[in-house]
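Asks: Input data_10.tsv, format and content: TSV, C-alpha atoms.
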```tsv
chain	number	residue	atom	x	y	z
Y	1011	MET	CA	-46.69	-80.62	-19.17
Y	1012	GLU	CA	-48.25	-83.95	-18.45
Y	1013	GLN	CA	-46.19	-87.12	-18.43
Y	1014	HIS	CA	-47.85	-88.67	-21.51
Y	1015	GLU	CA	-47.10	-85.49	-23.49
Y	1016	VAL	CA	-43.45	-85.58	-22.40
Y	1017	GLU	CA	-43.24	-89.21	-23.49
Y	1018	LEU	CA	-44.74	-88.37	-26.88
Y	1019	ILE	CA	-42.32	-85.46	-27.29
Y	1020	THR	CA	-39.32	-87.68	-26.54
Y	1021	GLN	CA	-40.54	-90.09	-29.23
Y	1022	LEU	CA	-41.07	-87.37	-31.83
Y	1023	VAL	CA	-37.97	-85.19	-31.37
Y	1024	ALA	CA	-35.90	-87.52	-33.54
Y	1025	GLN	CA	-38.41	-87.11	-36.38
Y	1026	ASN	CA	-39.23	-83.42	-36.04
Y	1027	GLU	CA	-36.40	-80.90	-35.94
Y	1028	GLU	CA	-38.68	-77.99	-35.02
Y	1029	LEU	CA	-40.08	-79.93	-32.08
Y	1030	ALA	CA	-36.56	-80.85	-30.97
Y	1031	THR	CA	-35.53	-77.19	-31.00
Y	1032	LEU	CA	-38.66	-76.08	-29.17
Y	1033	TRP	CA	-38.26	-78.82	-26.56
Y	1034	ASN	CA	-34.62	-77.92	-25.92
Y	1035	GLU	CA	-35.58	-74.25	-25.54
Y	1036	HIS	CA	-38.42	-75.20	-23.18
Y	1037	GLN	CA	-36.06	-77.15	-20.95
Y	1038	GLU	CA	-33.55	-74.29	-20.96
Y	1039	TYR	CA	-36.27	-71.82	-19.96
Y	1040	GLU	CA	-37.24	-74.15	-17.11
Y	1041	LYS	CA	-33.67	-74.07	-15.81
Y	1042	GLN	CA	-33.46	-70.29	-16.09
Y	1043	LEU	CA	-36.79	-69.81	-14.34
Y	1044	ALA	CA	-35.73	-72.12	-11.51
Y	1045	ARG	CA	-32.75	-69.83	-10.95
Y	1046	PHE	CA	-35.13	-66.96	-10.20
Y	1047	GLU	CA	-37.51	-68.97	-8.01
Y	1048	GLY	CA	-34.86	-69.44	-5.34
Y	1049	LYS	CA	-34.37	-65.74	-4.84
Y	1050	PRO	CA	-36.34	-63.94	-2.12
Y	1051	TYR	CA	-36.15	-60.65	-4.03
Y	1052	LEU	CA	-35.75	-59.77	-7.69
Y	1053	SER	CA	-34.25	-56.56	-8.97
Y	1054	PRO	CA	-36.28	-54.69	-11.59
Y	1055	ALA	CA	-33.98	-56.06	-14.31
Y	1056	GLU	CA	-34.38	-59.61	-13.01
Y	1057	ASP	CA	-38.15	-59.16	-12.79
Y	1058	ALA	CA	-38.24	-58.00	-16.42
Y	1059	GLU	CA	-36.08	-60.96	-17.47
Y	1060	LEU	CA	-38.36	-63.34	-15.53
Y	1061	LYS	CA	-41.43	-62.00	-17.31
Y	1062	LEU	CA	-39.74	-62.29	-20.70
Y	1063	LEU	CA	-38.67	-65.87	-20.00
Y	1064	LYS	CA	-42.21	-66.79	-18.98
Y	1065	LYS	CA	-43.58	-65.30	-22.21
Y	1066	LYS	CA	-41.02	-67.15	-24.33
Y	1067	LYS	CA	-41.71	-70.40	-22.50
Y	1068	LEU	CA	-45.46	-70.03	-22.98
Y	1069	ALA	CA	-45.08	-69.22	-26.68
Y	1070	GLY	CA	-42.87	-72.28	-27.13
Y	1071	LYS	CA	-45.26	-74.47	-25.20
Y	1072	THR	CA	-48.10	-73.31	-27.44
Y	1073	LYS	CA	-46.10	-74.28	-30.53
Y	1074	ILE	CA	-45.20	-77.64	-29.00
Y	1075	GLN	CA	-48.86	-78.28	-28.21
Y	1076	PHE	CA	-49.81	-77.43	-31.81
Y	1077	ILE	CA	-47.25	-79.93	-33.15
Y	1078	LEU	CA	-48.52	-82.62	-30.78
Y	1079	ASP	CA	-52.13	-81.92	-31.77
Y	1080	GLU	CA	-51.22	-82.18	-35.46
Y	1081	HIS	CA	-49.44	-85.47	-34.80
Y	1082	ARG	CA	-52.46	-86.86	-32.96
Y	1083	LYS	CA	-54.74	-85.85	-35.85
Y	1084	SER	CA	-52.51	-87.58	-38.37
Y	1085	GLU	CA	-52.47	-90.73	-36.21
Y	1086	ALA	CA	-56.28	-90.87	-35.93
```
Translate the structure described by the file into structure tokens.
Replies:
Amino acid sequence: MEQHEVELITQLVAQNEELATLWNEHQEYEKQLARFEGKPYLSPAEDAELKLLKKKKLAGKTKIQFILDEHRKSEA
């Protein structure tokens, strides 16, 4: 995510509970994914978990982007 989007999110999380939840999940997924990146080899179970985390993170990011787009439309 770009810096200006992160700044907008931090401004809006106090006003939008869904965005706050999605943002917290996004940050948690980032931490979990970083745990896998340091490993030279992933077991099949870890590989499956990695793929699932990436899908969840992408789905959440899409929802976050939608909320930001709606906010920008309402501001215009």
Asks: Near stretch 1060-1067 of chain Y, within 8 Å and counting all atoms listed in the file, which residues show up once chain neighbours fewer than 2 positions away are dropped, as a list in words?
Replies: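 Near neighbours after the sequence-gap exclusion: Glu1035, His1036, Tyr1039, Glu1040, Gln1042, Leu1043, Phe1046, Glu1056, Asp1057, Ala1058, Ala1069, Gly1070 and Lys1071 of chain Y.
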Asks: Pick out the closest residue to Y:Ala1030 from this set: Y:Ile1074, Y:His1081, Y:Ala1086, Y:Lys1049. Count all atoms listed in the file.
Replies: Y:Ile1074
Asks: Between Y:Lys1041, Y:Leu1032, Y:Glu1027, Y:Gln1021, which residue has the minimum interatomic distance to Y:Gln1075, considering all atoms listed in the file?
Replies: Y:Leu1032
Asks: So how many Å separate atom CA of Y:Glu1080 and atom CA of Y:Glu1038, to one decimal?
Replies: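 Calculated distance between atom CA of Y:Glu1080 and atom CA of Y:Glu1038 is 24.2 Å.
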Asks: Atom CA of Y:Arg1045 and atom CA of Y:His1014, how far apart in Å?
Replies: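 Result for atom CA of Y:His1014 versus atom CA of Y:Arg1045: 26.4 Å, one decimal.
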Asks: List as number ranges by chain the protein and nucleic acid residues near stretch 1017-1020 of chain Y, meaning an atom at most 8 Å away when all atoms listed in the file are counted, but skip any in the same chain fewer than 2 places from it.
Replies: Y: 1013-1015, 1022-1024, 1029, 1033, 1078
Asks: Would you mind exporting C-alpha atoms of the selected residues as a tab-separated table (two decimals), in the coordinates of the input?
Replies:
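Contents of out-v2.tsv, freshly written:
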```tsv
chain	number	residue	atom	x	y	z
Y	1013	GLN	CA	-46.19	-87.12	-18.43
Y	1014	HIS	CA	-47.85	-88.67	-21.51
Y	1015	GLU	CA	-47.10	-85.49	-23.49
Y	1022	LEU	CA	-41.07	-87.37	-31.83
Y	1023	VAL	CA	-37.97	-85.19	-31.37
Y	1024	ALA	CA	-35.90	-87.52	-33.54
Y	1029	LEU	CA	-40.08	-79.93	-32.08
Y	1033	TRP	CA	-38.26	-78.82	-26.56
Y	1078	LEU	CA	-48.52	-82.62	-30.78
```
Asks: Suppose you want the space between atom CA of Y:Ile1077 and atom CA of Y:Asn1034; what is it in Å?
Replies: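 Going from atom CA of Y:Ile1077 over to atom CA of Y:Asn1034 covers 14.7 Å.
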Asks: To box stretch 1015-1031 of chain Y, take all atoms listed in the file, fit an axis-aligned box, add 3 Å on each side, and give centre and edge lengths in Å to one decimal, as lines of an AutoDock Vina configuration file.
Replies:
```
center_x = -41.3
center_y = -83.6
center_z = -29.4
size_x = 17.6
size_y = 18.9
size_z = 20.0
```
